[in-house]
file my_file_38.cif (mmCIF, C-alpha atoms)
data_entry
#
loop_
_atom_site.label_atom_id
_atom_site.label_comp_id
_atom_site.auth_asym_id
_atom_site.auth_seq_id
_atom_site.Cartn_x
_atom_site.Cartn_y
_atom_site.Cartn_z
CA MET A 1119 0.00 0.00 0.00
CA PRO A 1120 1.40 3.44 -0.91
CA ASP A 1121 2.64 5.55 2.01
CA SER A 1122 1.05 8.84 1.02
CA ASP A 1123 -1.31 10.41 -1.49
CA ALA A 1124 1.67 11.72 -3.42
CA ASP A 1125 2.83 8.15 -4.02
CA THR A 1126 -0.66 6.88 -4.85
CA CYS A 1127 -1.62 6.00 -8.36
CA PHE A 1128 -4.69 4.22 -9.66
CA ARG A 1129 -4.90 1.60 -12.33
CA MET A 1130 -7.42 -0.91 -13.64
CA ALA A 1131 -7.75 -3.71 -11.10
CA GLU A 1132 -5.87 -6.87 -11.95
CA HIS A 1133 -8.99 -9.00 -12.27
CA ALA A 1134 -11.13 -6.39 -14.03
CA ARG A 1135 -11.79 -6.65 -17.78
CA PHE A 1136 -12.94 -3.54 -19.61
CA ARG A 1137 -14.22 -2.62 -23.07
CA ARG A 1138 -15.83 0.43 -24.57
CA VAL A 1139 -19.11 -0.90 -25.95
CA VAL A 1140 -21.03 1.57 -28.09
CA ASP A 1141 -20.93 4.73 -25.93
CA GLU A 1142 -20.69 2.94 -22.61
CA GLY A 1143 -17.99 1.07 -20.77
CA VAL A 1144 -18.53 -2.49 -19.63
CA VAL A 1145 -16.33 -3.81 -16.84
CA VAL A 1146 -16.42 -7.40 -15.70
CA VAL A 1147 -14.92 -7.73 -12.22
CA GLN A 1148 -13.81 -11.33 -12.42
CA SER A 1149 -13.14 -11.77 -8.72
CA SER A 1150 -16.75 -11.00 -7.80
CA ALA A 1151 -18.40 -11.89 -11.14
CA GLU A 1152 -20.03 -8.47 -11.09
CA VAL A 1153 -20.65 -6.40 -14.21
CA VAL A 1154 -20.28 -2.63 -13.92
CA VAL A 1155 -21.46 -0.25 -16.64
CA VAL A 1156 -19.90 3.21 -16.76
CA ASP A 1157 -20.92 6.19 -18.84
CA GLU A 1158 -18.80 8.05 -21.38
CA VAL A 1159 -16.93 10.01 -18.71
CA GLY A 1160 -16.22 6.75 -16.91
CA VAL A 1161 -14.88 5.35 -20.16
CA SER A 1162 -12.54 8.34 -20.46
CA VAL A 1163 -11.29 7.70 -16.94
CA LEU A 1164 -10.80 3.96 -17.37
CA GLU A 1165 -9.06 4.29 -20.73
CA ARG A 1166 -6.42 6.35 -18.91
CA LEU A 1167 -5.98 3.78 -16.16
CA ASP A 1168 -4.50 0.99 -18.24
CA ARG A 1169 -1.27 1.98 -16.49
CA PRO A 1170 -0.61 3.46 -13.03
CA THR A 1171 -1.76 7.08 -13.14
CA SER A 1172 -1.73 9.69 -10.40
CA VAL A 1173 -4.90 11.62 -9.66
CA GLY A 1174 -3.19 14.83 -10.78
CA GLN A 1175 -2.12 13.31 -14.08
CA LEU A 1176 -5.58 11.91 -14.62
CA ILE A 1177 -7.17 15.31 -14.07
CA ASP A 1178 -4.67 16.98 -16.41
CA ASP A 1179 -5.44 14.42 -19.11
CA LEU A 1180 -9.20 14.76 -18.71
CA LEU A 1181 -8.97 18.54 -18.95
CA THR A 1182 -7.60 18.13 -22.48
CA GLU A 1183 -10.86 16.37 -23.37
CA TYR A 1184 -13.47 18.16 -21.28
CA ALA A 1185 -13.80 21.94 -20.99
CA VAL A 1186 -14.70 22.04 -17.30
CA ASP A 1187 -13.50 23.83 -14.21
CA ARG A 1188 -10.46 22.11 -12.74
CA ASP A 1189 -11.62 22.29 -9.13
CA ARG A 1190 -15.01 20.86 -10.05
CA LEU A 1191 -13.39 18.03 -12.00
CA ALA A 1192 -10.97 17.30 -9.16
CA ALA A 1193 -13.86 17.06 -6.72
CA ASP A 1194 -15.76 14.71 -9.04
CA ILE A 1195 -12.73 12.49 -9.55
CA ALA A 1196 -12.00 12.45 -5.83
CA ALA A 1197 -15.48 11.04 -5.30
CA TYR A 1198 -15.53 8.77 -8.34
CA LEU A 1199 -12.28 6.85 -7.92
CA PRO A 1200 -13.16 5.43 -4.48
CA GLU A 1201 -16.49 4.31 -5.95
CA LEU A 1202 -14.69 2.44 -8.69
CA GLU A 1203 -12.24 1.06 -6.16
CA GLN A 1204 -15.07 -0.15 -3.95
CA ALA A 1205 -16.61 -1.92 -6.95
CA GLY A 1206 -13.32 -3.67 -7.70
CA VAL A 1207 -12.86 -1.85 -10.99
CA VAL A 1208 -9.67 0.04 -10.08
CA GLN A 1209 -6.96 -0.44 -7.50
CA ARG A 1210 -4.41 1.76 -5.77
CA VAL A 1211 -0.79 1.10 -6.57
CA LEU A 1212 2.51 2.75 -5.88
CA CYS A 1213 3.31 5.28 -8.58
CA GLU A 1214 6.24 4.35 -10.78
CA GLY A 1215 9.38 5.99 -9.44
CA ALA A 1216 7.82 6.67 -6.04
CA MET B 1029 -27.75 2.44 -18.30
CA GLY B 1030 -27.52 -1.19 -17.17
CA ILE B 1031 -25.93 -4.16 -18.85
CA ASN B 1032 -29.25 -5.26 -20.39
CA ASP B 1033 -29.58 -1.88 -22.08
CA VAL B 1034 -26.01 -2.13 -23.35
CA MET B 1035 -26.64 -5.63 -24.71
CA GLY B 1036 -29.77 -4.39 -26.44
CA ARG B 1037 -27.68 -1.82 -28.25
CA VAL B 1038 -25.05 -4.46 -29.01
CA TRP B 1039 -27.69 -6.56 -30.78
CA ARG B 1040 -29.27 -3.61 -32.58
CA GLU B 1041 -26.01 -2.03 -33.70
CA ASN B 1042 -24.19 -5.29 -34.54
CA VAL B 1043 -21.28 -5.02 -32.11
CA LEU B 1044 -19.13 -8.14 -32.04
CA PHE B 1045 -19.27 -8.63 -28.29
CA SER B 1046 -18.43 -12.32 -28.01
CA ALA B 1047 -16.42 -14.87 -29.96
CA PHE B 1048 -16.43 -18.64 -29.59
CA LEU B 1049 -13.22 -20.25 -30.82
CA GLU B 1050 -13.18 -23.97 -31.56
CA LEU B 1051 -9.41 -24.38 -31.42
CA THR B 1052 -9.27 -28.05 -32.39
CA TYR B 1053 -11.51 -31.07 -32.81
CA ARG B 1054 -8.96 -33.33 -31.12
CA CYS B 1055 -10.25 -34.69 -27.85
CA ASN B 1056 -9.14 -37.04 -25.10
CA LEU B 1057 -12.67 -38.39 -24.57
CA ALA B 1058 -14.94 -40.20 -27.02
CA CYS B 1059 -18.43 -38.95 -26.19
CA ARG B 1060 -21.14 -40.73 -28.12
CA ILE B 1061 -23.20 -37.55 -28.34
CA CYS B 1062 -20.43 -35.21 -29.53
CA TYR B 1063 -21.62 -32.85 -32.28
CA ASN B 1064 -18.17 -32.12 -33.73
CA ASP B 1065 -17.38 -33.31 -37.22
CA THR B 1066 -14.03 -34.85 -36.35
CA ALA B 1067 -13.49 -36.09 -39.91
CA GLN B 1068 -13.55 -32.54 -41.25
CA GLN B 1069 -10.45 -31.71 -43.27
CA GLY B 1070 -8.88 -28.32 -43.77
CA ARG B 1071 -5.94 -26.07 -43.06
CA PRO B 1072 -5.94 -25.20 -39.36
CA LEU B 1073 -5.40 -21.60 -38.39
CA SER B 1074 -1.78 -20.94 -37.51
CA ARG B 1075 -0.61 -19.40 -34.26
CA GLU B 1076 0.11 -16.17 -36.12
CA GLN B 1077 -3.40 -16.12 -37.55
CA TYR B 1078 -4.85 -16.59 -34.08
CA LEU B 1079 -2.71 -13.75 -32.73
CA THR B 1080 -3.99 -11.50 -35.53
CA LEU B 1081 -7.54 -12.62 -34.81
CA LEU B 1082 -7.22 -11.74 -31.10
CA GLN B 1083 -5.87 -8.30 -31.95
CA ASP B 1084 -8.70 -7.74 -34.45
CA LEU B 1085 -11.32 -8.87 -31.97
CA ARG B 1086 -9.95 -6.47 -29.40
CA ASP B 1087 -10.06 -3.67 -31.96
CA LEU B 1088 -13.69 -4.54 -32.71
CA GLY B 1089 -14.54 -4.22 -29.00
CA THR B 1090 -15.07 -7.91 -28.30
CA LEU B 1091 -15.10 -8.56 -24.56
CA SER B 1092 -16.15 -12.20 -24.16
CA LEU B 1093 -13.94 -14.94 -25.59
CA THR B 1094 -14.57 -18.67 -25.25
CA PHE B 1095 -11.98 -21.32 -26.02
CA SER B 1096 -13.66 -24.54 -27.01
CA GLY B 1097 -13.05 -27.63 -29.09
CA GLY B 1098 -12.95 -30.61 -29.25
CA GLU B 1099 -10.90 -30.24 -26.15
CA PRO B 1100 -9.21 -26.82 -26.25
CA LEU B 1101 -6.34 -27.93 -24.01
CA ALA B 1102 -5.37 -30.37 -26.78
CA HIS B 1103 -4.37 -27.47 -29.02
CA PRO B 1104 -0.57 -27.03 -28.94
CA ASP B 1105 -0.85 -23.24 -28.57
CA PHE B 1106 -3.62 -23.26 -25.99
CA PHE B 1107 -1.59 -21.61 -23.22
CA ALA B 1108 0.10 -19.13 -25.53
CA LEU B 1109 -3.26 -18.05 -26.95
CA GLY B 1110 -4.81 -17.96 -23.50
CA ALA B 1111 -2.04 -15.72 -22.20
CA GLU B 1112 -2.43 -13.44 -25.20
CA ALA B 1113 -6.17 -13.27 -24.61
CA ARG B 1114 -5.48 -12.23 -21.03
CA ARG B 1115 -3.04 -9.56 -22.22
CA HIS B 1116 -5.75 -8.18 -24.50
CA GLY B 1117 -8.18 -8.00 -21.58
CA PHE B 1118 -10.78 -10.48 -22.77
CA VAL B 1119 -13.17 -12.15 -20.35
CA VAL B 1120 -12.03 -15.69 -21.09
CA ARG B 1121 -14.16 -18.79 -20.66
CA ILE B 1122 -12.83 -22.26 -21.29
CA LYS B 1123 -15.25 -24.95 -22.39
CA THR B 1124 -13.54 -28.19 -21.48
CA ASN B 1125 -14.23 -31.77 -20.44
CA GLY B 1126 -11.86 -31.22 -17.49
CA HIS B 1127 -10.12 -34.56 -18.06
CA ALA B 1128 -6.64 -33.07 -18.48
CA LEU B 1129 -6.92 -30.47 -15.74
CA ASN B 1130 -4.60 -32.02 -13.17
CA GLU B 1131 -2.99 -29.74 -10.62
CA ARG B 1132 -0.10 -28.72 -12.88
CA LEU B 1133 -2.29 -27.73 -15.82
CA ALA B 1134 -5.01 -26.19 -13.66
CA ARG B 1135 -2.36 -24.03 -11.99
CA ARG B 1136 -1.08 -22.95 -15.39
CA VAL B 1137 -4.62 -22.05 -16.48
CA ASN B 1138 -5.03 -19.98 -13.35
CA ASP B 1139 -1.64 -18.28 -13.46
CA GLU B 1140 -1.21 -17.77 -17.20
CA ILE B 1141 -4.77 -17.21 -18.45
CA ASP B 1142 -6.70 -16.02 -15.38
CA PRO B 1143 -10.04 -17.02 -16.95
CA PHE B 1144 -13.41 -15.81 -15.78
CA GLY B 1145 -14.37 -19.44 -15.51
CA LEU B 1146 -14.50 -22.91 -16.94
CA ASP B 1147 -17.58 -24.60 -18.37
CA ILE B 1148 -17.13 -28.30 -17.73
CA SER B 1149 -19.11 -31.21 -19.13
CA LEU B 1150 -20.66 -33.67 -16.68
CA HIS B 1151 -22.37 -36.73 -18.07
CA GLY B 1152 -23.79 -38.44 -15.02
CA ALA B 1153 -23.88 -38.60 -11.24
CA CYS B 1154 -21.90 -41.82 -11.03
CA ALA B 1155 -18.92 -43.41 -12.73
CA GLU B 1156 -20.94 -46.00 -14.55
CA THR B 1157 -23.08 -43.45 -16.39
CA HIS B 1158 -20.47 -40.75 -16.92
CA ASP B 1159 -17.83 -43.16 -18.19
CA ARG B 1160 -20.31 -44.92 -20.46
CA GLN B 1161 -21.18 -41.61 -22.11
CA THR B 1162 -17.57 -40.36 -22.40
CA GLY B 1163 -16.31 -43.73 -23.60
CA VAL B 1164 -13.34 -43.52 -21.22
CA PRO B 1165 -13.21 -45.69 -18.08
CA GLY B 1166 -12.10 -43.75 -15.03
CA SER B 1167 -13.09 -40.37 -16.48
CA PHE B 1168 -15.69 -39.68 -13.75
CA HIS B 1169 -13.32 -40.16 -10.83
CA ARG B 1170 -10.60 -38.24 -12.60
CA LEU B 1171 -13.02 -35.37 -13.23
CA LEU B 1172 -14.06 -35.24 -9.58
CA THR B 1173 -10.40 -35.14 -8.54
CA ASN B 1174 -9.72 -32.34 -11.01
CA LEU B 1175 -12.78 -30.36 -9.88
CA GLY B 1176 -11.42 -30.55 -6.34
CA THR B 1177 -8.16 -29.10 -7.59
CA LEU B 1178 -10.00 -26.25 -9.32
CA GLN B 1179 -11.78 -25.50 -6.06
CA ASP B 1180 -8.50 -25.48 -4.16
CA LEU B 1181 -7.05 -23.03 -6.66
CA GLY B 1182 -10.14 -20.79 -6.52
CA LEU B 1183 -10.93 -21.29 -10.19
CA ARG B 1184 -14.61 -20.67 -10.89
CA PHE B 1185 -16.38 -23.41 -12.82
CA SER B 1186 -19.87 -24.37 -13.86
CA LEU B 1187 -21.13 -27.72 -15.05
CA ASN B 1188 -23.07 -28.54 -18.17
CA CYS B 1189 -24.90 -31.81 -18.51
CA PRO B 1190 -26.17 -33.04 -21.86
CA VAL B 1191 -29.25 -35.02 -20.92
CA THR B 1192 -29.58 -38.39 -22.60
CA ALA B 1193 -31.55 -41.58 -22.26
CA TRP B 1194 -28.61 -42.91 -20.26
CA ASN B 1195 -28.43 -40.20 -17.59
CA GLU B 1196 -31.99 -38.79 -17.50
CA GLY B 1197 -32.74 -40.76 -14.35
CA GLU B 1198 -29.87 -39.07 -12.50
CA VAL B 1199 -30.91 -35.45 -12.82
CA GLU B 1200 -31.70 -35.03 -9.12
CA ALA B 1201 -28.41 -36.69 -8.21
CA ILE B 1202 -26.55 -34.40 -10.63
CA PHE B 1203 -28.13 -31.36 -8.98
CA ALA B 1204 -27.03 -32.74 -5.62
CA LEU B 1205 -23.50 -33.38 -6.88
CA ALA B 1206 -23.27 -29.85 -8.25
CA GLU B 1207 -24.46 -28.43 -4.95
CA ARG B 1208 -21.82 -30.40 -3.08
CA LEU B 1209 -19.24 -28.92 -5.45
CA GLY B 1210 -20.69 -25.42 -5.08
CA ALA B 1211 -21.17 -25.18 -8.83
CA TYR B 1212 -24.02 -24.04 -11.01
CA VAL B 1213 -25.26 -26.80 -13.33
CA SER B 1214 -27.17 -26.39 -16.56
CA PHE B 1215 -28.86 -29.12 -18.56
CA ASP B 1216 -29.18 -29.43 -22.30
CA SER B 1217 -31.87 -31.88 -23.34
CA ASP B 1218 -31.60 -31.17 -27.07
CA ILE B 1219 -29.12 -33.71 -28.44
CA THR B 1220 -28.19 -32.40 -31.86
CA PRO B 1221 -26.91 -34.15 -34.99
CA ARG B 1222 -23.19 -34.00 -35.72
CA ASP B 1223 -22.08 -30.99 -37.70
CA ASP B 1224 -21.76 -33.21 -40.79
CA GLY B 1225 -25.47 -34.05 -40.49
CA ASP B 1226 -24.96 -37.52 -38.97
CA ARG B 1227 -27.91 -38.13 -36.68
CA ALA B 1228 -26.30 -40.96 -34.73
CA PRO B 1229 -25.97 -38.90 -31.48
CA GLN B 1230 -29.74 -38.39 -31.46
CA ALA B 1231 -30.22 -42.12 -30.86
CA LEU B 1232 -29.31 -41.26 -27.25
CA ALA B 1233 -31.78 -38.36 -26.96
CA PRO B 1234 -33.71 -38.34 -23.69
CA THR B 1235 -37.18 -39.85 -23.61
CA PRO B 1236 -40.26 -37.60 -23.42
CA GLY B 1237 -40.72 -38.76 -19.83
CA GLY B 1238 -37.12 -37.87 -19.01
CA VAL B 1239 -37.48 -34.39 -20.48
CA GLU B 1240 -40.72 -33.79 -18.59
CA ARG B 1241 -39.11 -34.88 -15.34
CA LEU B 1242 -36.19 -32.51 -15.95
CA GLU B 1243 -38.45 -29.59 -16.85
CA ARG B 1244 -40.66 -30.23 -13.83
CA LEU B 1245 -37.67 -30.35 -11.52
CA GLN B 1246 -36.17 -27.18 -12.97
CA LEU B 1247 -39.47 -25.35 -12.61
CA THR B 1248 -39.81 -26.45 -9.00
CA ARG B 1249 -36.25 -25.43 -8.17
CA GLU B 1250 -36.64 -22.05 -9.86
CA ARG B 1251 -39.82 -21.29 -7.99
CA ALA B 1252 -38.27 -22.39 -4.70
CA ALA B 1253 -35.27 -20.15 -5.32
CA ALA B 1254 -37.47 -17.32 -6.62
CA LYS B 1255 -35.12 -16.97 -9.54
CA PRO B 1256 -37.22 -17.13 -12.66
CA GLY B 1257 -35.34 -17.40 -15.89
CA LEU B 1258 -32.57 -19.74 -14.84
CA ALA B 1259 -33.75 -22.51 -17.12
CA VAL B 1260 -36.93 -21.15 -18.63
CA PRO B 1261 -36.42 -19.34 -21.94
CA GLU B 1262 -37.21 -15.65 -21.59
CA PRO B 1263 -38.80 -13.62 -24.37
CA SER B 1264 -36.24 -11.57 -26.24
CA PRO B 1265 -36.87 -7.90 -25.44
CA ASP B 1266 -35.35 -6.89 -28.73
CA ALA B 1267 -36.41 -7.05 -32.37
CA LYS B 1268 -34.06 -10.00 -32.85
CA GLN B 1269 -34.59 -13.51 -31.52
CA CYS B 1270 -30.93 -13.91 -30.59
CA GLY B 1271 -27.53 -12.32 -31.02
CA ALA B 1272 -26.24 -14.84 -33.57
CA GLY B 1273 -24.27 -12.89 -36.14
CA SER B 1274 -25.24 -9.61 -34.47
CA ALA B 1275 -23.30 -9.86 -31.22
CA GLY B 1276 -21.30 -13.03 -31.64
CA VAL B 1277 -19.60 -15.50 -33.93
CA ALA B 1278 -18.14 -18.98 -33.73
CA ILE B 1279 -14.94 -19.90 -35.56
CA ASP B 1280 -13.90 -23.46 -36.31
CA PRO B 1281 -10.29 -24.73 -36.31
CA TYR B 1282 -10.06 -24.18 -40.07
CA GLY B 1283 -11.02 -20.52 -39.95
CA THR B 1284 -14.63 -20.84 -41.04
CA VAL B 1285 -16.77 -18.22 -39.34
CA TYR B 1286 -20.36 -19.01 -38.32
CA PRO B 1287 -23.01 -16.78 -36.71
CA CYS B 1288 -23.16 -19.13 -33.72
CA VAL B 1289 -21.77 -22.47 -32.62
CA GLN B 1290 -25.19 -24.01 -33.27
CA TRP B 1291 -25.86 -22.24 -36.57
CA ARG B 1292 -23.34 -23.84 -38.94
CA ARG B 1293 -23.93 -21.53 -41.86
CA PRO B 1294 -20.58 -20.14 -43.04
CA VAL B 1295 -20.35 -16.37 -43.31
CA GLY B 1296 -16.65 -16.17 -44.18
CA ASN B 1297 -13.23 -17.75 -43.68
CA LEU B 1298 -10.19 -16.27 -41.96
CA HIS B 1299 -7.85 -17.77 -44.57
CA GLN B 1300 -9.50 -15.42 -47.09
CA SER B 1301 -10.56 -12.38 -45.04
CA SER B 1302 -9.98 -10.82 -41.67
CA ILE B 1303 -12.69 -10.96 -39.03
CA LYS B 1304 -12.96 -7.19 -39.37
CA ALA B 1305 -13.76 -7.49 -43.09
CA ILE B 1306 -16.15 -10.40 -42.55
CA TRP B 1307 -17.98 -8.58 -39.78
CA ARG B 1308 -18.30 -5.45 -41.90
CA ASP B 1309 -18.87 -6.84 -45.40
CA SER B 1310 -20.26 -10.38 -45.33
CA GLN B 1311 -23.54 -10.43 -47.24
CA GLU B 1312 -24.37 -13.77 -45.64
CA LEU B 1313 -23.99 -12.19 -42.22
CA GLY B 1314 -26.44 -9.50 -43.33
CA ARG B 1315 -28.95 -12.20 -44.22
CA ILE B 1316 -28.40 -13.93 -40.86
CA ARG B 1317 -29.14 -10.69 -39.01
CA GLN B 1318 -32.35 -10.26 -40.97
CA HIS B 1319 -33.31 -13.87 -40.25
CA THR B 1320 -33.04 -13.25 -36.50
CA VAL B 1321 -35.60 -10.45 -36.89
CA THR B 1322 -37.92 -12.63 -38.97
CA VAL B 1323 -37.63 -15.48 -36.46
CA LYS B 1324 -38.59 -13.13 -33.62
CA GLN B 1325 -41.70 -12.07 -35.56
CA LEU B 1326 -42.51 -15.73 -36.21
CA LEU B 1327 -42.24 -16.66 -32.52
CA ASP B 1328 -44.22 -13.60 -31.46
CA SER B 1329 -47.13 -14.96 -33.51
CA TYR B 1330 -47.41 -17.79 -30.94
CA GLU B 1331 -48.91 -17.14 -27.52
CA ASP B 1332 -45.85 -18.56 -25.74
CA GLY B 1333 -43.33 -18.72 -28.57
CA HIS B 1334 -40.49 -17.89 -26.20
CA LEU B 1335 -41.09 -21.19 -24.38
CA MET B 1336 -39.94 -23.14 -27.45
CA GLY B 1337 -36.28 -22.44 -26.77
CA PHE B 1338 -36.21 -21.98 -30.53
CA CYS B 1339 -32.81 -21.99 -32.21
CA ALA B 1340 -32.50 -20.87 -35.81
CA GLY B 1341 -29.51 -23.15 -36.27
CA ARG B 1342 -31.50 -26.16 -35.09
CA ALA B 1343 -34.36 -25.10 -37.35
CA GLN B 1344 -32.00 -25.09 -40.31
CA GLU B 1345 -30.76 -28.57 -39.34
CA GLU B 1346 -34.24 -29.97 -38.91
CA THR B 1347 -36.21 -28.26 -41.67
CA GLY B 1348 -33.64 -26.87 -44.09
CA THR B 1349 -34.55 -23.28 -43.23
CA PRO B 1350 -33.90 -21.20 -40.10
CA LEU B 1351 -37.36 -19.69 -40.48
CA GLN B 1352 -39.55 -22.70 -39.74
CA VAL B 1353 -40.66 -23.98 -36.35
CA TYR B 1354 -39.40 -27.54 -35.93
CA PRO B 1355 -41.31 -30.31 -34.13
CA LEU B 1356 -39.05 -30.44 -31.05
CA ALA B 1357 -39.49 -26.71 -30.42
CA LEU B 1358 -43.27 -27.07 -30.58
CA GLU B 1359 -43.16 -30.07 -28.25
CA ARG B 1360 -41.09 -28.13 -25.71
CA MET B 1361 -43.45 -25.15 -25.85
CA LYS B 1362 -46.49 -27.34 -25.22
CA LEU B 1363 -44.77 -29.20 -22.40
CA ARG B 1364 -43.70 -25.97 -20.69
CA GLN B 1365 -47.16 -24.47 -21.12
CA ARG B 1366 -48.71 -27.54 -19.52
CA LEU B 1367 -46.25 -27.60 -16.61
CA ARG B 1368 -46.69 -23.90 -15.93
CA LYS B 1369 -50.43 -24.20 -16.01
CA ALA B 1370 -50.34 -27.14 -13.60
CA SER B 1371 -47.89 -25.29 -11.36
CA ALA B 1372 -50.14 -22.22 -11.26
CA THR B 1373 -53.17 -24.39 -10.43
CA HIS B 1374 -51.34 -26.32 -7.75
CA PRO B 1375 -48.73 -23.96 -6.28
CA ARG B 1376 -46.27 -25.46 -3.87
#

call {"tool": "encode", "arguments": {"input": "my_file_38.cif", "output": "structure tokens"}}
result
Amino acid sequence: MPDSDADTCFRMAEHARFRRVVDEGVVVVQSSAEVVVVDEVGVSVLERLDRPTSVGQLIDDLLTEYAVDRDRLAADIAAYLPELEQAGVVQRVLCEGA
Amino acid sequence: MGINDVMGRVWRENVLFSAFLELTYRCNLACRICYNDTAQQGRPLSREQYLTLLQDLRDLGTLSLTFSGGEPLAHPDFFALGAEARRHGFVVRIKTNGHALNERLARRVNDEIDPFGLDISLHGACAETHDRQTGVPGSFHRLLTNLGTLQDLGLRFSLNCPVTAWNEGEVEAIFALAERLGAYVSFDSDITPRDDGDRAPQALAPTPGGVERLERLQLTRERAAAKPGLAVPEPSPDAKQCGAGSAGVAIDPYGTVYPCVQWRRPVGNLHQSSIKAIWRDSQELGRIRQHTVTVKQLLDSYEDGHLMGFCAGRAQEETGTPLQVYPLALERMKLRQRLRKASATHPR
């Protein structure tokens, strides 16, 4: 487990399988056999988490796609990632180089 | 939007969501009811062609990938292809007889492929019946040992039992065995001809009394568990009867692409075209998609058409056209109507 938020990255969970299907994202969490459907914003997030990514980097990347206020986006992401983590879709890992 | 809504769009918009790969027709068992045409000749797909196929399927957005056979573990590149499928992020299922899955191979499956699960054939509740149907003495006890190993490794598996005249009297015992193993079990009472049209397997089809007993038991268990739809066919909510050729394909060891494993109507071949080109351009695939709409309209003209468990591929086998209701489908509808009516009149 990472020591601090600065060292914390997120990535797709090891046992999660993800595809963009039409405009939605379908995630099969193999460990629980649950299926999670995410909307287009969720797809944008998950497509960036195929490798360990810090929250800051994720927000920077999303801002190139969505014209939204940074603070608002940061708040949304701060709420969204734990939801995905709880569902087994993403996991916390140590950032590379940390 | 839930997964059912997504799948509706997959069917409507022809998204290749699932692929069923028959890697080889070689097998280490000799089941009397096997539908594979093991005498079929052709040029098997090479490892490189399979690697290209997996990349193409990923590009097309395919999520579900099933390795089947024959016995898929008999393919020399099974583990290499399984590992590649994992790398591409497919949800991998392995349809196997389980005979070869000793601890060493089961561990490799777990570590190298990390499948969603294994679908394993069970032919009876005792050695005498199972071994008679597989044609291999000792296969029942070996399977039970291997299933124990899968449990120890945490590999998810479900059981599939083809119901025949030989094992129809063991359905309750098979349910009990599956429960002891903590596995879901499904039954298939429609014994089909071989893919070359040979009807010999159907000589072992279950008797009408055996089918009724199975259906009655399934209905009782469903009602007790309050889980309708486990074994009872549900009406398709979409304009198509099924996703054959609209959401999925089956591919045989020689590269022939079919709309479904049960609908053996070629729509292309990977030696001539890529799966991307076949999926986009095949005129035959276009006809298949239209047929699934026509079939849905046909079944909707019956009061309980969904209870037939109608399969367009079976219709083509039995009548020469996918658009005609075949006798077995009508029989099943009438049986299920009668059982449901009796169940409603005399609830448990």

call {"tool": "resolve_selection", "arguments": {"input": "my_file_38.cif", "expression": "the PyMOL selection byres ((chain A and resi 1194-1202) around 9)", "output": "list in words"}}
result
Phe1128, Gly1160, Val1163, Val1173, Leu1176, Ile1177, Asp1189, Arg1190, Leu1191, Ala1192, Ala1193, Glu1203, Gln1204, Ala1205, Gly1206, Val1207, Val1208 and Gln1209 of chain A

call {"tool": "write_last_selection", "arguments": {"input": "my_file_38.cif", "atoms": "C-alpha atoms", "output": "mmCIF file, keeping the file's coordinate frame"}}
result
data_model
loop_
_atom_site.group_PDB
_atom_site.id
_atom_site.type_symbol
_atom_site.label_atom_id
_atom_site.label_comp_id
_atom_site.auth_asym_id
_atom_site.auth_seq_id
_atom_site.Cartn_x
_atom_site.Cartn_y
_atom_site.Cartn_z
ATOM 1 C CA PHE A 1128 -4.690 4.220 -9.660
ATOM 2 C CA GLY A 1160 -16.220 6.750 -16.910
ATOM 3 C CA VAL A 1163 -11.290 7.700 -16.940
ATOM 4 C CA VAL A 1173 -4.900 11.620 -9.660
ATOM 5 C CA LEU A 1176 -5.580 11.910 -14.620
ATOM 6 C CA ILE A 1177 -7.170 15.310 -14.070
ATOM 7 C CA ASP A 1189 -11.620 22.290 -9.130
ATOM 8 C CA ARG A 1190 -15.010 20.860 -10.050
ATOM 9 C CA LEU A 1191 -13.390 18.030 -12.000
ATOM 10 C CA ALA A 1192 -10.970 17.300 -9.160
ATOM 11 C CA ALA A 1193 -13.860 17.060 -6.720
ATOM 12 C CA GLU A 1203 -12.240 1.060 -6.160
ATOM 13 C CA GLN A 1204 -15.070 -0.150 -3.950
ATOM 14 C CA ALA A 1205 -16.610 -1.920 -6.950
ATOM 15 C CA GLY A 1206 -13.320 -3.670 -7.700
ATOM 16 C CA VAL A 1207 -12.860 -1.850 -10.990
ATOM 17 C CA VAL A 1208 -9.670 0.040 -10.080
ATOM 18 C CA GLN A 1209 -6.960 -0.440 -7.500
#

call {"tool": "resolve_selection", "arguments": {"input": "my_file_38.cif", "expression": "the PyMOL selection byres ((chain B and resi 1076) around 12)", "output": "PyMOL selection string"}}
result
chain B and resi 1072-1075+1077-1083+1105+1108-1109+1112+1298-1299

call {"tool": "atom_distance", "arguments": {"input": "my_file_38.cif", "atom1": "CA of Arg1170 (chain B)", "atom2": "CA of Ala1113 (chain B)"}}
result
28.1 Å

call {"tool": "resolve_selection", "arguments": {"input": "my_file_38.cif", "expression": "the PyMOL selection byres ((chain A) within 10 of (chain B))", "output": "MDAnalysis selection string"}}
result
chainID A and resid 1132:1151 1153:1157

call {"tool": "atom_distance", "arguments": {"input": "my_file_38.cif", "atom1": "CA of Trp1307 (chain B)", "atom2": "CA of Tyr1354 (chain B)"}}
result
28.9 Å

call {"tool": "closest_residue", "arguments": {"input": "my_file_38.cif", "among": "B:Trp1039, B:Phe1338, B:Trp1291, B:Phe1107", "to": "Ala1134 (chain B)", "atoms": "all atoms listed in the file"}}
result
B:Phe1107

call {"tool": "residues_around", "arguments": {"input": "my_file_38.cif", "residues": "Asn1188 (chain B)", "least_positions_apart": "4", "cutoff": "12 Å", "atoms": "all atoms listed in the file", "output": "list in words"}}
result
Lys1123, Thr1124, Asn1125, Gly1126, Leu1146, Asp1147, Ile1148, Ser1149, Leu1150, His1151, Gly1152, Val1199, Ile1202, Phe1203, Ala1206, Ala1211, Tyr1212, Val1213, Ser1214, Phe1215, Asp1216 and Ser1217 of chain B
